[in-house]
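Novice: The structure file work-v6.txt (compact mmCIF, C-alpha atoms) is provided below.
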# COMPACT_ATOMS: atom_id res chain seq x y z
CA MET A 1 -20.73 -13.73 12.55
CA PRO A 2 -22.14 -11.34 9.93
CA GLU A 3 -25.57 -12.48 8.86
CA ILE A 4 -27.25 -12.54 5.48
CA PHE A 5 -30.49 -10.67 5.74
CA ALA A 6 -33.84 -11.63 4.29
CA ALA A 7 -35.70 -8.74 2.69
CA GLY A 8 -38.95 -7.92 0.97
CA PRO A 9 -39.25 -7.43 -2.79
CA ASN A 10 -38.64 -3.66 -2.65
CA ARG A 11 -35.61 -3.99 -0.42
CA THR A 12 -34.27 -6.79 -2.60
CA THR A 13 -34.53 -4.64 -5.71
CA GLN A 14 -32.76 -1.77 -3.97
CA ASP A 15 -30.01 -4.08 -2.78
CA ARG A 16 -29.45 -5.46 -6.28
CA ARG A 17 -29.21 -1.95 -7.65
CA LEU A 18 -26.69 -1.19 -4.95
CA LEU A 19 -24.64 -4.23 -5.98
CA TRP A 20 -24.61 -3.13 -9.62
CA LEU A 21 -23.53 0.34 -8.53
CA LEU A 22 -20.71 -1.09 -6.42
CA LEU A 23 -19.50 -3.20 -9.36
CA PHE A 24 -20.00 -0.59 -12.08
CA VAL A 25 -18.35 2.46 -10.48
CA PRO A 26 -14.90 0.84 -9.99
CA VAL A 27 -14.86 -0.26 -13.63
CA ILE A 28 -15.67 3.24 -14.89
CA MET A 29 -13.17 4.92 -12.57
CA SER A 30 -10.44 2.41 -13.42
CA LEU A 31 -10.89 2.66 -17.17
CA SER A 32 -10.93 6.44 -16.84
CA GLY A 33 -7.67 6.14 -14.94
CA VAL A 34 -6.17 4.05 -17.74
CA TRP A 35 -7.11 6.72 -20.26
CA ILE A 36 -5.78 9.60 -18.16
CA LEU A 37 -2.49 7.89 -17.32
CA ASP A 38 -1.80 5.93 -20.52
CA HIS A 39 -3.51 7.58 -23.50
CA THR A 40 -0.23 9.23 -24.49
CA LYS A 41 1.30 5.73 -24.79
CA ALA A 42 -1.36 4.46 -27.20
CA ASN A 43 1.19 3.95 -29.99
CA LYS A 44 4.02 2.71 -27.79
CA PRO A 45 5.21 -0.84 -28.67
CA LEU A 46 4.54 -3.17 -25.78
CA PHE A 47 7.88 -4.91 -26.17
CA SER A 48 9.59 -1.61 -25.31
CA MET A 49 8.05 -1.47 -21.84
CA THR A 50 10.45 -0.88 -18.96
CA ASN A 51 11.05 -2.93 -15.79
CA LEU A 52 11.86 -5.86 -18.13
CA VAL A 53 8.12 -6.40 -18.71
CA GLY A 54 8.51 -5.81 -22.45
CA PRO A 55 11.52 -8.09 -22.99
CA THR A 56 10.14 -10.92 -20.83
CA THR A 57 6.79 -10.73 -22.64
CA ARG A 58 8.58 -10.97 -26.00
CA SER A 59 10.60 -13.92 -24.73
CA LEU A 60 7.49 -15.67 -23.44
CA LEU A 61 5.64 -15.23 -26.74
CA THR A 62 8.60 -16.62 -28.70
CA GLY A 63 8.84 -19.70 -26.47
CA GLU A 64 12.07 -18.67 -24.72
CA GLY A 65 10.79 -18.43 -21.17
CA LEU A 66 11.27 -15.18 -19.25
CA THR A 67 14.67 -14.24 -20.65
CA ALA A 68 15.91 -10.66 -20.86
CA CYS A 69 19.50 -9.69 -21.73
CA THR A 70 20.21 -6.16 -20.51
CA GLU A 71 22.61 -3.63 -19.01
CA ASP A 72 19.75 -1.77 -17.33
CA MET A 73 20.58 -3.05 -13.85
CA GLY A 74 23.63 -0.78 -13.72
CA THR A 75 26.05 -3.18 -15.44
CA ARG A 76 27.16 -0.90 -18.29
CA GLY A 77 29.32 -2.78 -20.79
CA ASN A 78 28.42 -6.06 -19.07
CA PRO A 79 25.07 -7.23 -20.44
CA ILE A 80 23.61 -10.05 -18.36
CA CYS A 81 21.02 -12.52 -19.59
CA PHE A 82 18.44 -12.84 -16.83
CA HIS A 83 16.22 -15.91 -16.88
CA ALA A 84 14.94 -15.64 -13.33
CA ALA A 85 14.72 -11.90 -12.71
CA ARG A 86 10.96 -11.41 -12.71
CA MET A 87 8.02 -13.42 -11.46
CA PRO A 88 5.82 -14.53 -14.36
CA MET A 89 2.45 -12.88 -13.70
CA SER A 90 3.03 -9.56 -15.49
CA ALA A 91 4.46 -11.22 -18.61
CA LEU A 92 1.65 -13.79 -18.67
CA VAL A 93 -1.09 -11.17 -18.47
CA VAL A 94 0.51 -8.84 -21.04
CA ALA A 95 1.23 -11.76 -23.38
CA LEU A 96 -2.40 -12.87 -23.15
CA GLY A 97 -3.52 -9.32 -23.85
CA MET A 98 -1.29 -9.17 -26.93
CA ARG A 99 -2.66 -12.47 -28.20
CA LEU A 100 -6.18 -11.09 -27.91
CA PHE A 101 -5.70 -7.45 -28.93
CA GLY A 102 -2.33 -7.23 -30.67
CA ASP A 103 0.45 -4.76 -29.97
CA HIS A 104 -1.84 -1.97 -28.75
CA TYR A 105 -0.73 -0.50 -25.44
CA LEU A 106 -4.03 1.10 -24.46
CA ARG A 107 -6.13 -1.95 -25.31
CA VAL A 108 -3.82 -4.28 -23.38
CA ALA A 109 -3.76 -1.87 -20.43
CA CYS A 110 -7.58 -1.86 -20.39
CA PHE A 111 -7.61 -5.67 -20.65
CA LYS A 112 -5.20 -6.02 -17.73
CA THR A 113 -7.21 -3.56 -15.65
CA LEU A 114 -10.53 -5.34 -16.26
CA LEU A 115 -9.04 -8.81 -15.75
CA LEU A 116 -7.53 -7.89 -12.38
CA LEU A 117 -10.74 -6.15 -11.31
CA LEU A 118 -12.60 -9.48 -11.44
CA PRO A 119 -11.28 -10.64 -8.03
CA VAL A 120 -12.10 -7.20 -6.62
CA GLY A 121 -15.65 -7.70 -7.89
CA VAL A 122 -15.82 -10.94 -5.90
CA CYS A 123 -14.66 -9.01 -2.81
CA ILE A 124 -17.45 -6.48 -3.33
CA TYR A 125 -20.01 -9.23 -3.74
CA LEU A 126 -18.94 -10.92 -0.51
CA VAL A 127 -19.30 -7.64 1.38
CA TRP A 128 -22.67 -7.01 -0.25
CA ARG A 129 -23.85 -10.44 0.91
CA CYS A 130 -23.42 -9.38 4.54
CA ARG A 131 -24.49 -5.75 4.20
CA PRO A 132 -25.61 -4.26 7.54
CA ARG A 133 -29.23 -3.31 8.27
CA SER A 134 -28.29 0.09 9.67
CA GLY A 135 -28.55 2.81 7.01
CA GLY A 136 -25.53 4.65 8.42
CA ARG A 137 -23.36 1.56 8.43
CA ARG A 138 -24.54 0.64 4.95
CA LEU A 139 -23.50 4.07 3.65
CA LEU A 140 -20.08 3.71 5.27
CA VAL A 141 -19.62 0.32 3.61
CA VAL A 142 -20.42 1.83 0.20
CA VAL A 143 -17.91 4.64 0.80
CA LEU A 144 -15.24 2.19 1.93
CA LEU A 145 -15.65 0.00 -1.15
CA LEU A 146 -15.59 2.89 -3.64
CA ALA A 147 -13.30 5.48 -2.04
CA PRO A 148 -10.04 3.62 -2.87
CA PHE A 149 -10.74 4.15 -6.56
CA ALA A 150 -10.56 7.90 -5.96
CA MET A 151 -7.10 7.56 -4.36
CA THR A 152 -4.38 7.95 -6.98
CA ALA A 153 -2.00 5.69 -5.03
CA PHE A 154 -4.47 2.82 -5.38
CA LEU A 155 -5.68 3.74 -8.87
CA ALA A 156 -2.05 3.65 -10.03
CA ASP A 157 -1.88 0.00 -8.91
CA VAL A 158 -5.16 -0.82 -10.64
CA THR A 159 -4.07 0.65 -13.99
CA ASN A 160 -0.29 0.03 -14.00
CA ILE A 161 0.99 -2.79 -16.21
CA LEU A 162 4.68 -2.15 -15.46
CA VAL A 163 4.99 -2.92 -11.73
CA ASP A 164 4.27 -6.07 -9.76
CA GLU A 165 1.90 -4.23 -7.43
CA GLY A 166 -0.39 -3.63 -10.41
CA TYR A 167 -1.13 -7.36 -10.36
CA LEU A 168 -0.75 -8.55 -6.79
CA TYR A 169 -3.14 -5.95 -5.27
CA SER A 170 -6.06 -7.91 -6.71
CA PHE A 171 -4.95 -11.32 -5.43
CA LEU A 172 -4.23 -9.91 -1.97
CA ALA A 173 -7.67 -8.30 -1.81
CA ILE A 174 -9.59 -11.47 -2.64
CA ALA A 175 -7.43 -13.63 -0.36
CA VAL A 176 -8.15 -11.47 2.69
CA ALA A 177 -11.82 -11.13 1.70
CA LEU A 178 -12.18 -14.91 1.63
CA LEU A 179 -10.85 -14.98 5.19
CA PHE A 180 -12.79 -11.99 6.52
CA PHE A 181 -16.11 -13.12 5.00
CA ASP A 182 -15.61 -16.88 5.19
CA VAL A 183 -19.25 -17.67 6.13
CA GLN A 184 -20.61 -15.75 3.13
CA THR A 185 -18.10 -17.50 0.88
CA ARG A 186 -19.13 -20.97 2.00
CA LEU A 187 -22.83 -20.17 1.65
CA THR A 188 -22.20 -18.76 -1.83
CA MET A 189 -19.86 -21.36 -3.33
CA GLY A 190 -19.32 -24.22 -0.87
CA GLY A 191 -16.29 -25.29 1.12
CA TRP A 192 -14.28 -26.93 -1.64
CA SER A 193 -14.73 -24.07 -4.10
CA HIS A 194 -13.85 -21.63 -1.34
CA ALA A 195 -10.62 -23.51 -0.64
CA VAL A 196 -9.62 -23.73 -4.31
CA LEU A 197 -10.34 -20.04 -4.93
CA PHE A 198 -8.35 -19.06 -1.84
CA ALA A 199 -5.36 -21.16 -2.88
CA ALA A 200 -5.49 -19.75 -6.42
CA ALA A 201 -5.51 -16.20 -5.00
CA VAL A 202 -2.50 -16.90 -2.78
CA ASP A 203 -0.63 -18.53 -5.68
CA GLY A 204 -1.42 -15.51 -7.88
CA LEU A 205 -0.06 -13.26 -5.14
CA TYR A 206 3.23 -15.15 -4.99
CA LEU A 207 3.59 -15.45 -8.78
CA SER A 208 3.20 -11.66 -9.03
CA LYS A 209 6.05 -10.84 -6.63
CA SER A 210 8.37 -13.18 -4.76
CA GLY A 211 8.64 -10.63 -1.95
CA THR A 212 5.10 -11.53 -0.93
CA LEU A 213 6.27 -14.91 0.39
CA PRO A 214 5.84 -13.77 4.04
CA VAL A 215 2.25 -12.75 3.20
CA VAL A 216 1.68 -16.14 1.57
CA VAL A 217 2.76 -17.83 4.81
CA VAL A 218 0.52 -15.57 6.92
CA LEU A 219 -2.53 -16.13 4.70
CA THR A 220 -2.03 -19.89 4.57
CA VAL A 221 -1.63 -20.19 8.34
CA SER A 222 -4.71 -17.99 8.77
CA PHE A 223 -6.76 -20.31 6.57
CA LEU A 224 -5.64 -23.29 8.64
CA MET A 225 -6.82 -21.44 11.76
CA VAL A 226 -10.35 -20.77 10.47
CA GLU A 227 -10.87 -24.03 8.54
CA ARG A 228 -11.62 -27.10 10.66
CA ARG A 229 -11.92 -29.74 7.95
CA ALA A 230 -8.66 -31.62 7.44
CA GLY A 231 -9.36 -32.34 3.77
CA LEU A 232 -9.69 -28.67 2.91
CA ARG A 233 -6.62 -27.80 4.95
CA TRP A 234 -4.49 -30.30 3.06
CA LEU A 235 -5.94 -29.17 -0.26
CA VAL A 236 -5.00 -25.54 0.38
CA VAL A 237 -1.52 -26.39 1.67
CA THR A 238 -0.87 -28.57 -1.38
CA LEU A 239 -2.12 -26.01 -3.89
CA VAL A 240 -0.31 -23.11 -2.23
CA ALA A 241 2.96 -25.06 -2.02
CA ALA A 242 2.71 -25.93 -5.71
CA ALA A 243 3.48 -22.34 -6.78
CA PRO A 244 6.89 -21.84 -5.08
CA LEU A 245 7.90 -25.44 -5.75
CA GLY A 246 6.93 -25.13 -9.41
CA TRP A 247 8.75 -21.81 -9.68
CA ALA A 248 11.88 -23.32 -8.12
CA VAL A 249 11.84 -26.14 -10.67
CA HIS A 250 11.40 -23.63 -13.48
CA GLN A 251 14.28 -21.57 -12.09
CA HIS A 252 16.56 -24.59 -12.11
CA HIS A 253 15.58 -25.48 -15.67
CA ALA A 254 15.99 -21.91 -16.94
CA SER A 255 18.93 -20.63 -14.89
CA GLY A 256 20.57 -23.61 -13.22
CA ARG A 257 19.56 -22.87 -9.63
CA TYR A 258 16.63 -23.86 -7.47
CA SER A 259 15.18 -20.69 -5.94
CA VAL A 260 11.80 -19.48 -4.69
CA GLY A 261 12.92 -15.88 -5.24
CA THR A 262 14.44 -14.06 -8.21
CA SER A 263 17.91 -13.05 -9.31
CA PHE A 264 16.97 -9.40 -8.59
CA ASP A 265 16.56 -10.06 -4.88
CA GLY A 266 20.23 -9.38 -4.16
CA ILE A 267 20.42 -5.95 -5.77
CA ASN A 268 17.04 -4.95 -4.30
CA LEU A 269 18.47 -5.74 -0.87
CA HIS A 270 21.72 -3.90 -1.65
CA LYS A 271 19.87 -0.79 -2.88
CA GLY A 272 18.52 -0.30 0.62
CA ASN A 273 21.67 -1.26 2.48
CA ASN A 274 24.78 0.54 1.24
CA ALA A 275 27.00 3.45 2.19
CA GLY A 276 25.19 5.95 -0.05
CA PHE A 277 21.63 4.96 0.86
CA LEU A 278 20.99 7.64 3.49
CA GLN A 279 22.17 10.33 1.07
CA HIS A 280 19.63 9.35 -1.60
CA TYR A 281 16.63 8.01 0.33
CA PRO A 282 13.83 8.79 0.21
CA PRO A 283 14.24 9.86 -3.44
CA PRO A 284 12.96 13.25 -4.63
CA HIS A 285 9.36 13.50 -5.83
CA GLY A 286 9.02 11.73 -9.17
CA ASP A 287 12.42 10.00 -8.91
CA SER A 288 13.49 6.49 -7.90
CA MET A 289 16.55 4.64 -6.61
CA ASP A 290 17.27 2.99 -9.98
CA ARG A 291 19.73 5.63 -11.16
CA TYR A 292 22.13 4.64 -8.39
CA ASP A 293 22.43 1.04 -9.61
CA PHE A 294 25.55 1.82 -11.62
CA GLU A 295 27.40 2.97 -8.50
CA LEU A 296 26.71 -0.38 -6.86
CA ASN A 297 28.21 -2.19 -9.88
CA ARG A 298 31.11 0.15 -10.72
CA GLY A 299 34.26 -1.75 -11.70
CA LEU A 300 32.65 -5.16 -11.38
CA TYR A 301 32.03 -7.91 -13.91
CA PHE A 302 29.41 -10.64 -13.54
CA ALA A 303 29.44 -13.86 -15.52
CA ASP A 304 25.74 -14.56 -15.04
CA GLU A 305 22.64 -13.48 -13.16
CA TRP A 306 23.32 -15.54 -10.06
CA SER A 307 26.86 -14.22 -9.58
CA PHE A 308 25.27 -10.76 -9.90
CA ASN A 309 22.62 -11.66 -7.31
CA ASP A 310 25.05 -13.32 -4.89
CA TYR A 311 27.51 -10.42 -4.92
CA HIS A 312 24.84 -7.84 -4.07
CA GLN A 313 23.33 -10.06 -1.40
CA ARG A 314 26.72 -10.51 0.31
CA ALA A 315 27.49 -6.79 0.05
CA ALA A 316 24.15 -5.88 1.62
CA LEU A 317 24.57 -8.34 4.50
CA ASP A 318 28.14 -7.13 5.12
CA TYR A 319 26.83 -3.56 5.33
CA LEU A 320 24.05 -4.57 7.74
CA ARG A 321 26.54 -6.23 10.09
CA ALA A 322 29.07 -3.39 9.92
CA HIS A 323 26.68 -0.41 10.18
CA PRO A 324 23.84 -1.12 12.64
CA ARG A 325 23.25 2.56 13.49
CA GLU A 326 22.91 3.62 9.84
CA THR A 327 20.71 0.59 9.21
CA LEU A 328 18.39 1.62 12.03
CA GLU A 329 18.22 5.18 10.69
CA GLY A 330 17.37 3.80 7.25
CA ASP A 331 14.63 1.62 8.74
CA VAL A 332 13.07 4.67 10.38
CA ARG A 333 12.93 6.41 7.00
CA LYS A 334 11.43 3.33 5.35
CA LEU A 335 8.76 3.12 8.05
CA ASN A 336 7.90 6.75 7.42
CA VAL A 337 7.46 6.10 3.68
CA LEU A 338 5.40 2.98 4.34
CA PHE A 339 3.09 4.19 7.09
CA PHE A 340 3.21 7.92 7.75
CA SER A 341 4.26 10.16 4.88
CA VAL A 342 1.50 11.77 2.80
CA GLU A 343 3.94 12.29 -0.06
CA LYS A 344 4.05 9.66 -2.79
CA TYR A 345 7.53 8.19 -3.35
CA GLY A 346 8.82 6.13 -6.26
CA GLY A 347 6.20 7.22 -8.81
CA THR A 348 5.77 9.68 -11.64
CA ALA A 349 5.98 13.35 -10.66
CA SER A 350 2.73 15.32 -10.59
CA HIS A 351 2.12 19.05 -10.35
CA GLY A 352 -0.62 21.61 -9.82
CA ILE A 353 -4.16 20.33 -9.31
CA THR A 354 -3.01 16.75 -9.99
CA ARG A 355 -0.55 17.01 -7.10
CA MET A 356 -3.28 18.36 -4.82
CA ILE A 357 -5.56 15.44 -5.71
CA GLU A 358 -2.67 13.04 -5.14
CA ASP A 359 -1.90 14.51 -1.71
CA ALA A 360 -5.57 14.41 -0.70
CA GLY A 361 -5.73 10.76 -1.74
CA MET A 362 -2.60 9.96 0.25
CA LEU A 363 -4.08 11.62 3.34
CA ALA A 364 -7.29 9.61 2.91
CA PHE A 365 -5.21 6.44 2.50
CA ARG A 366 -3.29 7.09 5.72
CA LEU A 367 -6.50 7.76 7.64
CA LEU A 368 -8.08 4.57 6.28
CA LEU A 369 -5.04 2.41 6.98
CA TRP A 370 -4.52 3.67 10.52
CA THR A 371 -8.23 3.47 11.31
CA ALA A 372 -8.14 -0.19 10.29
CA ILE A 373 -4.90 -0.87 12.20
CA LEU A 374 -6.08 0.77 15.44
CA CYS A 375 -9.48 -0.88 15.20
CA ALA A 376 -7.82 -4.28 14.68
CA ILE A 377 -5.56 -3.77 17.70
CA TYR A 378 -8.55 -2.78 19.85
CA LEU A 379 -10.60 -5.78 18.75
CA LEU A 380 -7.72 -8.21 19.11
CA PHE A 381 -6.86 -7.30 22.69
CA ARG A 382 -10.14 -5.96 24.10
CA THR A 383 -12.83 -8.18 22.58
CA ARG A 384 -13.27 -11.30 24.72
CA ASP A 385 -16.80 -12.32 23.76
CA SER A 386 -16.68 -15.86 22.34
CA ASN A 387 -19.44 -14.93 19.90
CA ARG A 388 -17.05 -12.52 18.26
CA ARG A 389 -14.11 -14.91 17.92
CA SER A 390 -14.20 -14.62 14.12
CA LEU A 391 -13.84 -10.83 14.39
CA ARG A 392 -10.80 -11.25 16.62
CA VAL A 393 -9.34 -13.71 14.13
CA ALA A 394 -9.97 -11.24 11.28
CA SER A 395 -8.22 -8.55 13.32
CA GLY A 396 -5.19 -10.75 13.88
CA VAL A 397 -5.09 -11.74 10.22
CA PHE A 398 -5.21 -8.11 9.10
CA LEU A 399 -2.41 -7.02 11.44
CA ALA A 400 -0.26 -9.98 10.42
CA VAL A 401 -0.82 -9.20 6.72
CA VAL A 402 0.21 -5.57 7.28
CA ALA A 403 3.40 -6.65 9.04
CA ALA A 404 4.19 -9.30 6.40
CA CYS A 405 3.69 -6.80 3.57
CA ALA A 406 6.04 -4.29 5.19
CA LEU A 407 8.81 -6.69 6.23
CA PRO A 408 10.53 -7.25 2.83
CA PHE A 409 10.63 -3.51 2.15
CA LEU A 410 12.05 -2.71 5.56
CA ALA A 411 14.83 -5.13 4.66
CA GLY A 412 15.33 -3.55 1.23
CA PHE A 413 13.82 -0.19 0.29
CA ALA A 414 10.27 1.11 0.29
CA TYR A 415 8.14 3.12 -2.12
CA THR A 416 4.55 4.19 -1.66
CA ARG A 417 3.29 1.52 -4.06
CA HIS A 418 4.74 -1.17 -1.81
CA VAL A 419 2.18 -0.31 0.87
CA SER A 420 -0.65 0.97 -1.34
CA ILE A 421 -1.56 -2.67 -1.91
CA LEU A 422 -2.99 -2.55 1.64
CA ILE A 423 -5.60 0.06 0.74
CA TYR A 424 -8.29 -2.40 -0.27
CA PRO A 425 -7.55 -4.94 2.50
CA ALA A 426 -7.89 -2.06 4.99
CA ALA A 427 -11.23 -1.09 3.45
CA LEU A 428 -12.39 -4.71 3.54
CA PHE A 429 -11.43 -5.06 7.19
CA CYS A 430 -13.40 -1.93 8.08
CA CYS A 431 -16.35 -3.38 6.16
CA ARG A 432 -15.98 -6.61 8.13
CA VAL A 433 -16.31 -4.65 11.37
CA LEU A 434 -19.33 -2.69 10.12
CA CYS A 435 -21.01 -5.87 8.89
CA GLU A 436 -21.22 -7.31 12.40
CA PRO A 437 -24.87 -7.55 13.51
CA TYR A 438 -25.76 -4.23 15.11
CA ASN A 439 -26.49 -5.67 18.52
CA GLU A 440 -22.99 -7.16 18.57
CA GLY A 441 -21.28 -4.11 17.14
CA VAL A 442 -17.91 -2.90 18.32
CA MET A 443 -19.21 0.24 19.94
CA THR A 444 -22.20 -1.35 21.63
CA GLY A 445 -22.46 -3.27 24.82
Take the structure in the file and give it back as structure tokens.
Specialist:
Amino acid sequence: MPEIFAAGPNRTTQDRRLLWLLLFVPVIMSLSGVWILDHTKANKPLFSMTNLVGPTTRSLLTGEGLTACTEDMGTRGNPICFHAARMPMSALVVALGMRLFGDHYLRVACFKTLLLLLPVGVCIYLVWRCRPRSGGRRLLVVVLLLAPFAMTAFLADVTNILVDEGYLYSFLAIAVALLFFDVQTRLTMGGWSHAVLFAAAVDGLYLSKSGTLPVVVVLTVSFLMVERRAGLRWLVVTLVAAAPLGWAVHQHHASGRYSVGTSFDGINLHKGNNAGFLQHYPPPHGDSMDRYDFELNRGLYFADEWSFNDYHQRAALDYLRAHPRETLEGDVRKLNVLFFSVEKYGGTASHGITRMIEDAGMLAFRLLLWTAILCAIYLLFRTRDSNRRSLRVASGVFLAVVAACALPFLAGFAYTRHVSILIYPAALFCCRVLCEPYNEGVMTG
């Protein structure tokens, strides 16, 4: 396991300065990103935000749950009142920001960014606790922890208050860090605190996006594999199960149906599985698939959100069964967007020097992700030393998380932001490998 090193006074001072640097630089880069991306929206009313974030926040603040009545899902002339369309995390964070800072877009965006950076700060601290002795490895760890904040694909997640990935990236990072650096966590906060923090991170992940349910299962099973105490296992299982069960009860109260997903799941599945999909996907740079929603709803009327959801779910499944060849071709395109393309899909268009920076960041992201994936595969199947069992477990956890993150978007449709949430877990896994004691390192005998 990675060890926590004793050091003299001078080394201790240097290490503390390093920690402050590692914590300070992401904050500065993230707040700079907020200003660059959002300063033109400084006077924009928060209730007018798209993706139903504005309407659900208004509804939450007025005590009406997460209700939004809209035609924006392609149902022109047929407004539907959605009570179960979005998971609650984005509305909760924005509503809290408005309570504290009022209807000021830039202030609330900064608040959201700083709040969600707190779990990332815990990740950095856990890595710092097991920093390697080797100067070269130590430098690589510093680069790995800071480089993601220079990648626009990741920085967009950190600063974005409109998309689910802008919230869940943080919870995913701390959940995997608590698994990768479990010894440091227990020495820092104790077993029970470690278990509660892990469960809270996994619940936050799920409450940010229902599509992360496969990741929730993977992370929970992984915790059960590394934790031997039955009491802590039951505690985590109970706390993790509370989120989907509680959400299902809320769904029934608000919309009349028990569900651990949302009433947007059907159309999100249909968007990626219909006769026109291959003509429009992947979308042009700076565009999205949303403008084709109307075609999927043309000539139809829906009485409520669940009839809307059920129709699109049935239509998508019918298409999957009837068109296996087209489905396979679509999956190949989705895999390219998720794991290979250096072009950013599903985001705002950029040009000139900004586009060059974006492309360089995407290339760095692909190199980081595939380095982590290949290293994990090597360690999982080639490392047999019993002393490095925890490293093999970390490798298996990382690969399972990657697969679980990709699965829902292979079923539906994929944008770059759907996989950019793996940037920091990939960096953390590489740090986990580098933090092995040097005489047990991967490349040594």
Novice: Set the distance at 8 Å and use only C-alpha atoms: which residues neighbour Val127 (chain A) once local chain neighbours fewer than 3 positions away are removed? I'd like the list as a PyMOL selection string.
Specialist: chain A and resi 123-124+130-131+181+428+431-432+435
Novice: Could you work out how far CA of Gly97 (chain A) lies from CA of Phe111 (chain A), giving the answer in Å with one decimal?
Specialist: 6.3 Å
Novice: Can you work out which one of A:Gly33, A:Gly204, A:Pro119, A:Gly136 has the shortest atom-to-atom distance to Ile174 (chain A), counting all atoms listed in the file?
Specialist: A:Pro119
Novice: Counting only C-alpha atoms, which residue out of A:Phe101, A:Trp306, A:Phe413, A:Tyr292 sits closest to Ala254 (chain A)?
Specialist: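 Residue with the minimum atom-to-atom distance to Ala254 (chain A): A:Trp306.
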Novice: By how many Å are CA of Val237 (chain A) and CA of Leu114 (chain A) apart?
Specialist: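 Pair CA of Val237 (chain A) / CA of Leu114 (chain A) returns 29.1 Å.
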Novice: Would you compute, for all listed atoms of region 332-342 of chain A, the axis-aligned bounding box grown by 4 Å on each side, and then report its centre and edge lengths in Å rounded to one decimal, as JSON?
Specialist:
{"center_x": 7.3, "center_y": 7.4, "center_z": 6.6, "size_x": 19.6, "size_y": 16.8, "size_z": 15.6}
Novice: Counting only C-alpha atoms, which residue out of A:Ala68, A:Ala403, A:Val215, A:Ala200 sits closest to Ala84 (chain A)?
Specialist: A:Ala68
Novice: Show which residues sit within 12 Å of Val402 (chain A), as a PDB file with C-alpha atoms, keeping the file's coordinate frame. Count all atoms listed in the file, and ignore same-chain residues fewer than 5 positions away.
Specialist:
ATOM      1  CA  LEU A 172      -4.230  -9.910  -1.970  1.00  0.00           C
ATOM      2  CA  VAL A 176      -8.150 -11.470   2.690  1.00  0.00           C
ATOM      3  CA  THR A 212       5.100 -11.530  -0.930  1.00  0.00           C
ATOM      4  CA  PRO A 214       5.840 -13.770   4.040  1.00  0.00           C
ATOM      5  CA  VAL A 215       2.250 -12.750   3.200  1.00  0.00           C
ATOM      6  CA  VAL A 218       0.520 -15.570   6.920  1.00  0.00           C
ATOM      7  CA  LEU A 219      -2.530 -16.130   4.700  1.00  0.00           C
ATOM      8  CA  LEU A 338       5.400   2.980   4.340  1.00  0.00           C
ATOM      9  CA  PHE A 339       3.090   4.190   7.090  1.00  0.00           C
ATOM     10  CA  LEU A 369      -5.040   2.410   6.980  1.00  0.00           C
ATOM     11  CA  TRP A 370      -4.520   3.670  10.520  1.00  0.00           C
ATOM     12  CA  ALA A 372      -8.140  -0.190  10.290  1.00  0.00           C
ATOM     13  CA  ILE A 373      -4.900  -0.870  12.200  1.00  0.00           C
ATOM     14  CA  ALA A 376      -7.820  -4.280  14.680  1.00  0.00           C
ATOM     15  CA  SER A 395      -8.220  -8.550  13.320  1.00  0.00           C
ATOM     16  CA  GLY A 396      -5.190 -10.750  13.880  1.00  0.00           C
ATOM     17  CA  VAL A 397      -5.090 -11.740  10.220  1.00  0.00           C
ATOM     18  CA  LEU A 407       8.810  -6.690   6.230  1.00  0.00           C
ATOM     19  CA  PRO A 408      10.530  -7.250   2.830  1.00  0.00           C
ATOM     20  CA  PHE A 409      10.630  -3.510   2.150  1.00  0.00           C
ATOM     21  CA  HIS A 418       4.740  -1.170  -1.810  1.00  0.00           C
ATOM     22  CA  VAL A 419       2.180  -0.310   0.870  1.00  0.00           C
ATOM     23  CA  SER A 420      -0.650   0.970  -1.340  1.00  0.00           C
ATOM     24  CA  ILE A 421      -1.560  -2.670  -1.910  1.00  0.00           C
ATOM     25  CA  LEU A 422      -2.990  -2.550   1.640  1.00  0.00           C
ATOM     26  CA  ILE A 423      -5.600   0.060   0.740  1.00  0.00           C
ATOM     27  CA  TYR A 424      -8.290  -2.400  -0.270  1.00  0.00           C
ATOM     28  CA  PRO A 425      -7.550  -4.940   2.500  1.00  0.00           C
ATOM     29  CA  ALA A 426      -7.890  -2.060   4.990  1.00  0.00           C
ATOM     30  CA  PHE A 429     -11.430  -5.060   7.190  1.00  0.00           C
TER      31      PHE A 429
END
Novice: If we count all atoms listed in the file and set the cut-off at 10 Å, which residues sit around Arg58 (chain A), ignoring sequence neighbours fewer than 6 positions away in its own chain? Please answer as a ChimeraX atom specification.
Specialist: /A:46-48,52,64-68,91,94-95
Novice: Between A:Leu61, A:Cys375, A:Leu155, A:Leu320, which has the minimum distance to Met29 (chain A) (counting all atoms listed in the file)?
Specialist: A:Leu155
Novice: Name all residues at most 9 Å from region 227-235 of chain A (count only C-alpha atoms; drop same-chain ones fewer than 6 positions away) and give them as a VMD selection string.
Specialist: chain A and resid 191 to 192 195 to 196 199
Novice: From the list A:Gly272, A:Pro26, A:Val217, A:Ile357, which residue is nearest Ala404 (chain A) when using all atoms listed in the file?
Specialist: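 Among the listed residues, the smallest separation from Ala404 (chain A) belongs to A:Val217.
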Novice: Which is closer to Val216 (chain A) than all the others in A:Phe171, A:Thr70, A:Val122, A:Gly256, using only C-alpha atoms?
Specialist: A:Phe171
Novice: Can you measure CA of Cys405 (chain A) to CA of Asp157 (chain A) for me? One decimal in Å is fine.
Specialist: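 CA of Cys405 (chain A) sits 15.3 Å away from CA of Asp157 (chain A).
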Novice: Neighbouring residues of Leu22 (chain A) were defined as those with any atom within 12 Å, considering only C-alpha atoms; residues of the same chain fewer than 3 positions away were excluded. Please report them as number ranges by chain.
Specialist: A: 15-19, 25-29, 120-128, 139, 141-147, 149
